[in-house]
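Text of data.cif, listed as mmCIF, C-alpha atoms and all ligand atoms:
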data_target
loop_
_atom_site.label_atom_id
_atom_site.label_comp_id
_atom_site.auth_asym_id
_atom_site.auth_seq_id
_atom_site.Cartn_x
_atom_site.Cartn_y
_atom_site.Cartn_z
CA MET A 1 -21.78 7.22 -15.61
CA SER A 2 -24.87 5.63 -14.15
CA ALA A 3 -24.88 3.38 -11.13
CA SER A 4 -24.96 -0.36 -11.74
CA PRO A 5 -28.21 -2.33 -11.87
CA LEU A 6 -26.94 -4.04 -8.73
CA ASP A 7 -27.85 -0.97 -6.65
CA HIS A 8 -29.94 -1.91 -3.61
CA ASP A 9 -30.54 1.33 -1.79
CA VAL A 10 -29.81 5.02 -1.96
CA SER A 11 -26.68 5.02 0.23
CA THR A 12 -24.58 2.32 -1.38
CA THR A 13 -23.98 1.19 -4.90
CA HIS A 14 -22.13 -1.71 -6.52
CA LEU A 15 -19.63 -1.41 -9.35
CA SER A 16 -17.70 -4.00 -11.28
CA TYR A 17 -13.91 -3.91 -10.91
CA GLU A 18 -13.65 -2.94 -14.59
CA THR A 19 -16.10 -0.03 -14.24
CA LEU A 20 -14.34 1.33 -11.16
CA THR A 21 -10.92 0.99 -12.82
CA LEU A 22 -12.09 2.90 -15.89
CA LEU A 23 -13.55 5.68 -13.74
CA LEU A 24 -10.30 5.97 -11.74
CA GLN A 25 -8.29 6.01 -14.97
CA ARG A 26 -10.41 8.90 -16.29
CA ILE A 27 -9.82 10.86 -13.09
CA LEU A 28 -6.07 10.36 -13.16
CA LEU A 29 -5.82 11.19 -16.85
CA ARG A 30 -7.87 14.34 -16.36
CA HIS A 31 -5.52 15.46 -13.59
CA GLY A 32 -2.26 15.01 -15.45
CA ALA A 33 -1.26 11.34 -15.39
CA SER A 34 -0.09 9.61 -18.56
CA GLU A 35 -2.13 6.68 -19.97
CA SER A 36 0.28 4.09 -18.56
CA VAL A 37 0.55 5.70 -15.10
CA ALA A 38 -3.22 6.15 -14.90
CA GLN A 39 -3.75 2.50 -15.75
CA VAL A 40 -1.31 1.17 -13.14
CA LEU A 41 -2.63 3.43 -10.36
CA ALA A 42 -6.28 2.86 -11.25
CA GLU A 43 -5.85 -0.92 -11.12
CA ASN A 44 -4.01 -0.63 -7.81
CA CYS A 45 -6.67 1.59 -6.23
CA ALA A 46 -9.62 -0.45 -7.58
CA SER A 47 -7.97 -3.66 -6.28
CA ALA A 48 -7.69 -2.13 -2.80
CA GLU A 49 -11.36 -1.08 -2.86
CA ARG A 50 -12.40 -4.51 -4.18
CA ASP A 51 -10.52 -6.23 -1.33
CA GLY A 52 -11.91 -3.94 1.39
CA ALA A 53 -8.52 -2.28 1.97
CA HIS A 54 -10.42 0.99 2.47
CA SER A 55 -7.60 3.12 3.88
CA HIS A 56 -5.90 2.85 0.46
CA GLY A 57 -8.85 2.51 -1.90
CA VAL A 58 -11.00 5.32 -3.32
CA PHE A 59 -10.51 7.24 -0.08
CA ARG A 60 -7.07 8.15 -1.52
CA VAL A 61 -8.32 9.60 -4.82
CA PRO A 62 -8.70 13.25 -3.67
CA GLY A 63 -5.12 13.00 -2.37
CA TYR A 64 -3.85 11.72 -5.72
CA VAL A 65 -5.69 14.53 -7.49
CA SER A 66 -4.54 17.34 -5.19
CA THR A 67 -0.96 16.01 -5.37
CA LEU A 68 -1.01 15.87 -9.17
CA ASN A 69 -2.52 19.37 -9.31
CA SER A 70 0.12 20.70 -6.91
CA GLY A 71 3.01 19.78 -9.22
CA TRP A 72 4.67 17.79 -6.40
CA VAL A 73 4.71 14.57 -8.42
CA ASN A 74 5.20 13.98 -12.13
CA GLY A 75 2.18 12.02 -13.32
CA LYS A 76 3.81 11.46 -16.69
CA ALA A 77 7.19 10.32 -15.35
CA VAL A 78 9.01 7.67 -17.35
CA PRO A 79 11.02 5.44 -14.98
CA ILE A 80 14.69 4.76 -15.77
CA VAL A 81 15.60 1.11 -15.19
CA GLU A 82 19.25 0.18 -14.60
CA ASP A 83 20.64 -3.36 -14.55
CA VAL A 84 23.38 -2.77 -11.96
CA ALA A 85 24.44 -6.27 -10.87
CA SER A 86 23.47 -9.93 -11.18
CA GLY A 87 20.90 -9.61 -8.42
CA PHE A 88 20.32 -5.87 -8.32
CA VAL A 89 17.97 -3.71 -10.37
CA ARG A 90 17.79 0.01 -9.74
CA VAL A 91 15.00 2.33 -10.86
CA ASP A 92 14.87 6.09 -10.83
CA ALA A 93 11.12 6.74 -10.75
CA ALA A 94 11.83 10.27 -12.05
CA ASN A 95 9.67 11.88 -9.35
CA GLY A 96 6.75 9.71 -10.42
CA PHE A 97 4.81 7.00 -8.64
CA ALA A 98 6.52 3.84 -7.40
CA GLN A 99 4.10 1.34 -8.96
CA PRO A 100 4.85 2.28 -12.60
CA ALA A 101 8.56 2.02 -11.69
CA LEU A 102 7.98 -1.50 -10.35
CA ALA A 103 6.00 -2.38 -13.49
CA ALA A 104 8.83 -1.12 -15.72
CA ALA A 105 11.47 -3.22 -13.92
CA ARG A 106 9.37 -6.28 -13.13
CA SER A 107 10.36 -8.65 -15.93
CA LEU A 108 14.09 -7.96 -15.44
CA LEU A 109 13.69 -8.49 -11.69
CA VAL A 110 11.89 -11.81 -12.15
CA ASP A 111 14.46 -13.03 -14.71
CA LYS A 112 17.25 -12.23 -12.26
CA ALA A 113 15.47 -13.88 -9.32
CA ARG A 114 14.87 -17.02 -11.36
CA SER A 115 18.47 -17.25 -12.52
CA ALA A 116 20.31 -16.19 -9.34
CA GLY A 117 17.71 -17.44 -6.82
CA ILE A 118 17.29 -13.94 -5.40
CA ALA A 119 17.15 -10.41 -6.73
CA LEU A 120 16.33 -7.00 -5.41
CA LEU A 121 14.73 -3.95 -6.86
CA ALA A 122 15.67 -0.56 -5.44
CA ILE A 123 13.31 2.24 -6.44
CA HIS A 124 14.15 5.85 -5.59
CA ASN A 125 12.84 9.31 -6.41
CA SER A 126 9.37 7.75 -6.07
CA HIS A 127 5.98 8.38 -4.46
CA HIS A 128 3.99 5.55 -2.85
CA PHE A 129 0.49 6.39 -1.65
CA ALA A 130 -1.06 2.94 -1.71
CA ALA A 131 -1.33 -0.42 -0.01
CA LEU A 132 1.81 -2.51 -0.39
CA TRP A 133 0.27 -5.98 -0.83
CA PRO A 134 -0.56 -5.39 -4.54
CA ASP A 135 3.19 -5.01 -5.10
CA VAL A 136 4.07 -8.44 -3.65
CA GLU A 137 1.04 -10.73 -4.10
CA PRO A 138 1.48 -11.19 -7.88
CA PHE A 139 5.03 -12.55 -7.36
CA ALA A 140 3.69 -15.28 -5.06
CA GLU A 141 0.96 -16.06 -7.61
CA GLU A 142 3.77 -17.04 -9.95
CA GLY A 143 5.56 -19.17 -7.36
CA LEU A 144 8.03 -16.60 -5.98
CA VAL A 145 8.51 -15.25 -2.45
CA ALA A 146 8.50 -11.45 -2.19
CA LEU A 147 9.16 -8.90 0.52
CA SER A 148 8.73 -5.16 0.11
CA VAL A 149 9.19 -2.10 2.29
CA VAL A 150 8.42 1.56 1.66
CA ASN A 151 8.93 4.58 3.87
CA SER A 152 6.43 7.41 4.05
CA MET A 153 6.34 10.79 5.84
CA THR A 154 7.44 11.82 9.33
CA CYS A 155 4.55 11.18 11.71
CA VAL A 156 5.78 8.39 14.05
CA VAL A 157 7.77 8.94 17.26
CA PRO A 158 10.56 6.32 17.52
CA HIS A 159 10.25 4.33 20.76
CA GLY A 160 12.01 6.29 23.50
CA ALA A 161 12.22 9.52 21.48
CA ASP A 162 10.51 12.87 22.03
CA ARG A 163 9.33 13.82 18.58
CA PRO A 164 8.20 12.22 15.31
CA LEU A 165 10.84 11.09 12.82
CA PHE A 166 9.84 7.83 11.12
CA GLY A 167 7.09 7.29 8.58
CA THR A 168 4.32 4.72 8.95
CA ASN A 169 6.68 2.48 6.96
CA PRO A 170 4.81 -0.69 5.94
CA ILE A 171 6.25 -4.17 5.35
CA ALA A 172 4.54 -6.59 2.97
CA PHE A 173 5.38 -10.25 2.43
CA ALA A 174 3.96 -12.85 0.05
CA ALA A 175 4.69 -16.56 -0.30
CA PRO A 176 3.07 -19.25 -2.44
CA ARG A 177 1.29 -22.22 -0.89
CA ALA A 178 0.11 -25.45 -2.43
CA ASP A 179 -3.65 -25.39 -1.76
CA GLY A 180 -4.82 -21.83 -1.61
CA PRO A 181 -4.06 -18.24 -2.38
CA PRO A 182 -0.58 -17.00 -1.41
CA ILE A 183 0.14 -16.21 2.22
CA VAL A 184 0.31 -12.42 2.35
CA PHE A 185 0.65 -9.92 5.11
CA ASP A 186 0.94 -6.17 4.77
CA LEU A 187 1.29 -4.00 7.86
CA ALA A 188 2.26 -0.50 8.81
CA THR A 189 4.99 -0.41 11.46
CA SER A 190 3.01 2.34 13.19
CA ALA A 191 0.33 1.22 15.65
CA ILE A 192 -2.22 2.33 13.05
CA ALA A 193 -1.93 3.51 9.45
CA HIS A 194 -2.19 7.27 8.95
CA GLY A 195 -5.07 6.61 6.54
CA ASP A 196 -7.09 4.91 9.27
CA VAL A 197 -6.53 7.87 11.59
CA GLN A 198 -7.91 10.17 8.87
CA ILE A 199 -10.91 7.89 8.37
CA ALA A 200 -11.62 7.79 12.13
CA ALA A 201 -11.37 11.60 12.30
CA ARG A 202 -13.79 11.94 9.40
CA LYS A 203 -16.28 9.58 11.06
CA GLY A 204 -15.88 11.23 14.47
CA GLU A 205 -14.69 7.95 16.04
CA ARG A 206 -12.20 7.56 18.88
CA LEU A 207 -9.13 5.35 18.44
CA PRO A 208 -8.14 2.48 20.73
CA PRO A 209 -5.53 3.41 23.36
CA GLY A 210 -1.82 3.29 22.46
CA MET A 211 -2.05 4.59 18.89
CA GLY A 212 -0.73 8.12 19.26
CA VAL A 213 0.03 11.28 21.16
CA ASP A 214 -1.22 14.88 20.99
CA SER A 215 0.86 17.99 20.29
CA LEU A 216 2.11 17.95 23.90
CA GLY A 217 3.26 14.35 23.62
CA GLN A 218 0.42 13.11 25.82
CA PRO A 219 -1.39 9.85 24.95
CA THR A 220 -4.65 10.51 23.11
CA GLN A 221 -7.46 8.56 21.52
CA ASP A 222 -8.67 11.56 19.55
CA PRO A 223 -7.66 11.14 15.88
CA LYS A 224 -7.88 14.90 15.29
CA ALA A 225 -5.38 15.55 18.08
CA ILE A 226 -2.98 13.14 16.35
CA LEU A 227 -3.48 14.76 12.94
CA GLU A 228 -3.29 18.33 14.23
CA GLY A 229 0.18 18.54 15.71
CA GLY A 230 0.30 15.13 17.39
CA ALA A 231 1.95 11.94 16.16
CA LEU A 232 1.62 8.17 15.94
CA LEU A 233 3.50 5.53 17.92
CA PRO A 234 5.20 2.45 16.50
CA PHE A 235 3.35 -0.85 17.02
CA GLY A 236 4.84 -3.11 19.70
CA GLY A 237 7.05 -0.51 21.41
CA HIS A 238 10.77 -0.96 20.76
CA LYS A 239 10.17 -3.94 18.44
CA GLY A 240 7.97 -2.11 15.92
CA SER A 241 10.28 0.88 16.24
CA ALA A 242 13.27 -1.26 15.21
CA LEU A 243 11.36 -2.56 12.20
CA SER A 244 10.41 0.99 11.22
CA MET A 245 14.09 1.97 11.46
CA MET A 246 14.94 -1.00 9.22
CA VAL A 247 12.38 0.20 6.67
CA GLU A 248 14.00 3.66 6.62
CA LEU A 249 17.37 2.02 5.99
CA LEU A 250 16.19 -0.39 3.27
CA ALA A 251 13.62 1.81 1.50
CA ALA A 252 15.61 5.05 1.65
CA ALA A 253 19.32 4.59 2.47
CA LEU A 254 19.75 1.48 0.32
CA THR A 255 17.72 2.70 -2.63
CA GLY A 256 19.01 6.27 -2.73
CA GLY A 257 15.58 7.64 -1.78
CA ASN A 258 14.65 10.21 0.84
CA PHE A 259 14.22 9.31 4.49
CA SER A 260 10.72 10.10 5.72
CA PHE A 261 12.05 13.31 7.32
CA GLU A 262 14.03 14.51 4.30
CA PHE A 263 11.47 16.00 1.97
CA ASN A 264 9.58 19.26 2.30
CA TRP A 265 6.26 19.53 0.52
CA SER A 266 5.25 22.82 2.12
CA GLU A 267 5.73 24.74 -1.13
CA HIS A 268 3.30 22.42 -2.89
CA PRO A 269 -0.07 22.97 -1.20
CA GLY A 270 -2.22 19.89 -1.75
CA ALA A 271 0.79 17.53 -1.93
CA ARG A 272 0.00 14.31 -0.03
CA THR A 273 2.34 11.66 -1.44
CA PRO A 274 5.57 10.84 0.40
CA TRP A 275 8.65 11.32 -1.87
CA THR A 276 10.81 8.45 -0.71
CA GLY A 277 11.92 5.00 -1.93
CA GLN A 278 10.88 1.36 -2.05
CA LEU A 279 12.73 -1.93 -1.88
CA VAL A 280 11.42 -5.22 -3.27
CA ILE A 281 13.25 -8.52 -2.69
CA VAL A 282 12.21 -11.53 -4.76
CA ILE A 283 13.31 -15.10 -4.03
CA ASP A 284 12.86 -18.15 -6.24
CA PRO A 285 12.03 -20.99 -3.82
CA SER A 286 12.48 -23.64 -6.51
CA LYS A 287 16.15 -23.54 -5.48
CA THR A 288 15.15 -24.91 -2.04
CA ALA A 289 16.45 -28.36 -1.16
CA GLY A 290 13.94 -31.16 -0.59
CA GLN A 291 10.15 -30.74 -0.54
CA SER A 292 8.64 -27.94 -2.52
CA PHE A 293 8.34 -24.64 -0.70
CA ALA A 294 4.62 -24.39 -1.51
CA GLU A 295 4.04 -27.78 0.14
CA ARG A 296 6.00 -26.65 3.19
CA SER A 297 4.05 -23.42 3.49
CA GLN A 298 0.82 -25.39 3.14
CA GLU A 299 1.97 -27.63 5.97
CA LEU A 300 2.62 -24.58 8.15
CA VAL A 301 -0.88 -23.28 7.41
CA ARG A 302 -2.34 -26.73 8.19
CA GLN A 303 -0.57 -26.77 11.55
CA MET A 304 -1.63 -23.21 12.38
CA HIS A 305 -5.24 -24.14 11.73
CA ALA A 306 -4.81 -27.33 13.80
CA ALA A 307 -3.51 -25.12 16.61
CA GLY A 308 -6.80 -23.23 16.55
CA LEU A 309 -6.03 -20.32 14.23
CA ARG A 310 -9.15 -19.13 12.44
CA ARG A 311 -7.84 -16.17 10.46
CA LEU A 312 -4.68 -15.92 8.43
CA PRO A 313 -3.46 -12.50 7.29
CA GLY A 314 -5.02 -11.98 3.86
CA ASP A 315 -8.13 -14.11 4.63
CA ARG A 316 -10.38 -11.10 5.24
CA ARG A 317 -9.15 -9.46 2.05
CA HIS A 318 -9.72 -12.58 -0.03
CA ARG A 319 -13.21 -13.04 1.44
CA THR A 320 -14.06 -9.45 0.56
CA ARG A 321 -12.60 -9.94 -2.91
CA ALA A 322 -14.77 -13.00 -3.51
CA LYS A 323 -17.87 -11.08 -2.38
CA SER A 324 -16.96 -8.11 -4.62
CA GLN A 325 -16.51 -10.45 -7.56
CA GLN A 326 -19.96 -11.91 -6.93
CA THR A 327 -21.99 -8.79 -6.19
CA GLY A 328 -19.79 -5.93 -7.39
CA ILE A 329 -17.64 -3.63 -5.28
CA GLU A 330 -19.79 -1.94 -2.65
CA MET A 331 -19.28 1.81 -2.45
CA ASP A 332 -21.00 4.73 -0.80
CA THR A 333 -23.10 6.53 -3.39
CA LYS A 334 -21.70 9.80 -2.03
CA ASP A 335 -18.15 8.63 -2.71
CA LEU A 336 -19.12 7.55 -6.21
CA ARG A 337 -20.63 10.98 -6.92
CA GLN A 338 -17.40 12.58 -5.70
CA LEU A 339 -15.37 10.38 -8.06
CA GLN A 340 -17.65 11.22 -10.96
CA ALA A 341 -17.20 14.93 -10.23
CA LEU A 342 -13.41 14.50 -10.19
CA ALA A 343 -13.56 12.72 -13.56
CA GLU A 344 -15.41 15.70 -15.02
CA GLY A 345 -13.97 18.69 -13.18
P1 LIG B 401 -3.88 -3.96 9.38
O1 LIG B 401 -3.44 -3.80 10.77
O2 LIG B 401 -5.31 -3.76 9.06
O3 LIG B 401 -3.51 -5.43 8.85
C1 LIG B 401 -2.18 -5.85 8.83
C2 LIG B 401 -2.08 -7.28 8.36
O4 LIG B 401 -2.57 -8.14 9.37
C3 LIG B 401 -2.93 -7.59 7.11
O5 LIG B 401 -2.23 -8.48 6.33
C4 LIG B 401 -4.21 -8.20 7.70
O6 LIG B 401 -4.85 -9.11 6.83
C5 LIG B 401 -3.67 -8.92 8.92
N1 LIG B 401 -4.61 -8.99 10.01
C6 LIG B 401 -5.31 -7.98 10.57
N2 LIG B 401 -6.02 -8.44 11.62
C7 LIG B 401 -5.76 -9.76 11.74
C8 LIG B 401 -6.20 -10.78 12.60
N3 LIG B 401 -7.06 -10.55 13.60
N4 LIG B 401 -5.72 -12.04 12.43
C9 LIG B 401 -4.85 -12.30 11.42
N5 LIG B 401 -4.41 -11.37 10.55
C10 LIG B 401 -4.86 -10.11 10.70
O7 LIG B 401 -2.99 -3.06 8.38
P2 LIG B 401 -2.32 -1.65 8.68
O8 LIG B 401 -3.38 -0.78 9.22
O9 LIG B 401 -1.07 -1.81 9.42
O10 LIG B 401 -1.97 -1.18 7.19
C11 LIG B 401 -3.02 -0.89 6.29
C12 LIG B 401 -2.49 -0.58 4.93
O11 LIG B 401 -1.84 0.67 4.91
C13 LIG B 401 -1.48 -1.58 4.37
O12 LIG B 401 -1.95 -2.01 3.11
C14 LIG B 401 -0.20 -0.77 4.20
O13 LIG B 401 0.59 -1.15 3.08
C15 LIG B 401 -0.78 0.62 3.98
N6 LIG B 401 0.22 1.64 4.27
C16 LIG B 401 0.83 2.26 3.23
C17 LIG B 401 1.82 3.20 3.45
C18 LIG B 401 2.54 3.82 2.32
O14 LIG B 401 3.46 4.61 2.57
N7 LIG B 401 2.23 3.54 1.08
C19 LIG B 401 2.19 3.60 4.80
C20 LIG B 401 1.49 2.85 5.84
C21 LIG B 401 0.52 1.93 5.56
P3 LIG B 401 -6.20 -8.66 6.03
O15 LIG B 401 -5.72 -7.66 5.01
O16 LIG B 401 -6.75 -9.90 5.43
O17 LIG B 401 -7.12 -8.04 7.04
O1 LIG B 402 -1.72 5.20 5.71
O2 LIG B 402 0.16 5.67 6.76
C1 LIG B 402 -0.54 5.64 5.74
C2 LIG B 402 0.05 6.11 4.46
C3 LIG B 402 1.14 6.91 4.29
C4 LIG B 402 1.30 7.07 2.94
C5 LIG B 402 0.33 6.38 2.31
N1 LIG B 402 -0.41 5.77 3.27
#

Please go through the file and, once you have read it, give me the structure as structure tokens.
Ligand code: NDP
Ligand code: PYC
Amino acid sequence: MSASPLDHDVSTTHLSYETLTLLLQRILLRHGASESVAQVLAENCASAERDGAHSHGVFRVPGYVSTLNSGWVNGKAVPIVEDVASGFVRVDAANGFAQPALAAARSLLVDKARSAGIALLAIHNSHHFAALWPDVEPFAEEGLVALSVVNSMTCVVPHGADRPLFGTNPIAFAAPRADGPPIVFDLATSAIAHGDVQIAARKGERLPPGMGVDSLGQPTQDPKAILEGGALLPFGGHKGSALSMMVELLAAALTGGNFSFEFNWSEHPGARTPWTGQLVIVIDPSKTAGQSFAERSQELVRQMHAAGLRRLPGDRRHRTRAKSQQTGIEMDTKDLRQLQALAEG
């Protein structure tokens, strides 16, 4: 594949969303994913790159490939969807990725949320290696409120404990508003996402204080010391730690998935994807009494801006998306070459 005519210099290149998605699909297909899984994951990964969510964009592709090659995950898994109660959908992802499981259950989940006012989707036996906002934002784009949690792999020391136990355990939330894109936040409950520690290590950058500890449990700003025997800390001390604990309970205990400390990938060299669970809760705000929810959320945004707020969560992402749509998705030429090699080799 040749670089786009939008190239400006030798170190970066610009690709359309469609071109990047097709390239990612080819890579995933080549390394053992089915057509449908490759499509879902490629769209997810290209969306993250388009929006500047770099810790979960193309940076993750070698991890997807080595995981698929290791046999740790089933790239051709067919999720099993079960309608278990009026507001409860369960999916066994069959040791596949979580996003195809969400896609398989989505219409049933939305139907239930619209009829009952609320519904939840419990995914287990699943691997989530991506940003969480793509899982919730589309619900808000169709007028629904959505909350999702997923647990990952042991690398976070609970507040007050001596050793790592929790995963980086993100929480994502999306709500519609009247005059703008949905309000969305998506945050790891660790002080920093594991992906950002890896990126800092690769670039040789130091981290801000308070992110993690070394193998002796001493505070460190060296990302390599965190990755090589050290651990991360929760954000916000005991408060972030409590939220991380909640994520373990909702994403693993409630769904039937593994806690972050319960799986062992050591016999699958190259495995990178946490084998856990995911919970998605969807609410239909049209059941709200009085003014429409979207008007109320717009009013909250108006008041936050009036109070001096300049940046809402999601603003940076949407700005980057708009720029990518105008000029193409900016990528390092080196990264593009690596992707092309993975599509061929
Ligand atoms: P960040 O700390 O970068 O951002 C968290 C949220 O806060 C985003 O919604 C962001 O919006 C917003 N935000 C950041 N800075 C500001 C600011 N100054 N003012 C207002 N809002 C702000 O994210 P994390 O590093 O915690 O997480 C990164 C990604 O890693 C997430 O997508 C998460 O889902 C993913 N992750 C995935 C895991 C998995 O197991 N699959 C595990 C852990 C993390 P904006 O996006 O617009 O900057
Ligand atoms: O960045 O913490 C992270 C992460 C874990 C699994 C996928 N991403």

Using Å and a single decimal, report how far atom CA of Leu279 of chain A sits from atom CA of Ala252 of chain A.
8.3 Å

Out of A:Ala48, A:Ala98, A:Ala38, A:Leu227, which residue has the shortest atom-to-atom distance to Phe129 of chain A when counting only C-alpha atoms?
A:Ala98

Within 12 Å of segment 81-89 of chain A, which residues of segment 254-311 of chain A come that close, and what is the closest atom pair and distance in Å for each? Count all atoms listed in the file and give it as a Markdown table.
| residue | atom | partner | partner_atom | distance |
| --- | --- | --- | --- | --- |
| A:Leu254 | CA | A:Phe88 | CA | 11.4 |
| A:Thr255 | CA | A:Val89 | CA | 10.1 |
| A:Leu279 | CA | A:Val89 | CA | 10.1 |
| A:Val280 | CA | A:Val89 | CA | 9.8 |
| A:Ile281 | CA | A:Phe88 | CA | 9.4 |
| A:Val282 | CA | A:Gly87 | CA | 9.6 |
| A:Ile283 | CA | A:Gly87 | CA | 10.3 |
| A:Asp284 | CA | A:Gly87 | CA | 11.9 |

What's the 9 Å shell around Glu142 of chain A, counting only C-alpha atoms, without same-chain residues fewer than 3 positions away, as an NGL selection string?
:A and (138-139 or 176)

So how far away is atom CA of Phe259 of chain A from atom CA of Gly71 of chain A, in Å?
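Pair atom CA of Gly71 of chain A / atom CA of Phe259 of chain A returns 20.6 Å.
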
Using all atoms listed in the file, find each protein or nucleic acid residue lying at most 7 Å from ligand LIG 401 (chain B); present the set as a ChimeraX atom specification.
/A:53,55-56,128-133,150-152,168-172,184-190,192-196,274,311-318

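Atom to atom, atom CA of Thr19 of chain A and atom CA of Gly345 of chain A stand 18.9 Å apart.
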
At a cut-off of 12 Å, using all atoms listed in the file, what residues contact Ala140 of chain A? Leave out same-chain residues fewer than 4 positions from it and give the result as a compact mmCIF listing (two decimals) with C-alpha atoms, in the frame of the given file.
# COMPACT_ATOMS: atom_id res chain seq x y z
CA VAL A 110 11.89 -11.81 -12.15
CA TRP A 133 0.27 -5.98 -0.83
CA PRO A 134 -0.56 -5.39 -4.54
CA ASP A 135 3.19 -5.01 -5.10
CA VAL A 136 4.07 -8.44 -3.65
CA LEU A 144 8.03 -16.60 -5.98
CA VAL A 145 8.51 -15.25 -2.45
CA ALA A 146 8.50 -11.45 -2.19
CA LEU A 147 9.16 -8.90 0.52
CA ALA A 172 4.54 -6.59 2.97
CA PHE A 173 5.38 -10.25 2.43
CA ALA A 174 3.96 -12.85 0.05
CA ALA A 175 4.69 -16.56 -0.30
CA PRO A 176 3.07 -19.25 -2.44
CA ARG A 177 1.29 -22.22 -0.89
CA ALA A 178 0.11 -25.45 -2.43
CA GLY A 180 -4.82 -21.83 -1.61
CA PRO A 181 -4.06 -18.24 -2.38
CA PRO A 182 -0.58 -17.00 -1.41
CA ILE A 183 0.14 -16.21 2.22
CA VAL A 184 0.31 -12.42 2.35
CA PHE A 185 0.65 -9.92 5.11
CA ILE A 281 13.25 -8.52 -2.69
CA VAL A 282 12.21 -11.53 -4.76
CA ILE A 283 13.31 -15.10 -4.03
CA ASP A 284 12.86 -18.15 -6.24
CA PRO A 285 12.03 -20.99 -3.82
CA PHE A 293 8.34 -24.64 -0.70
CA ALA A 294 4.62 -24.39 -1.51
CA SER A 297 4.05 -23.42 3.49

Between A:Thr327, A:Gln221, A:Gln198, A:Thr13, which one has atoms that come closest to ligand LIG 402 (chain B), using all atoms listed in the file?
A:Gln198

How big is the axis-aligned box around the listed atoms of segment 144-158 of chain A once 4 Å is added on each side, and where is its centre? Give both in Å to one decimal, as JSON.
{"center_x": 7.6, "center_y": -2.4, "center_z": 5.8, "size_x": 14.0, "size_y": 36.4, "size_z": 31.5}

Scan for residues within 10 Å of the point (-13.0, -1.5, -8.8) in the coordinates of the file, using only C-alpha atoms, and reply as a PyMOL selection string.
chain A and resi 14-24+42-51+57-58+324-325+328-331
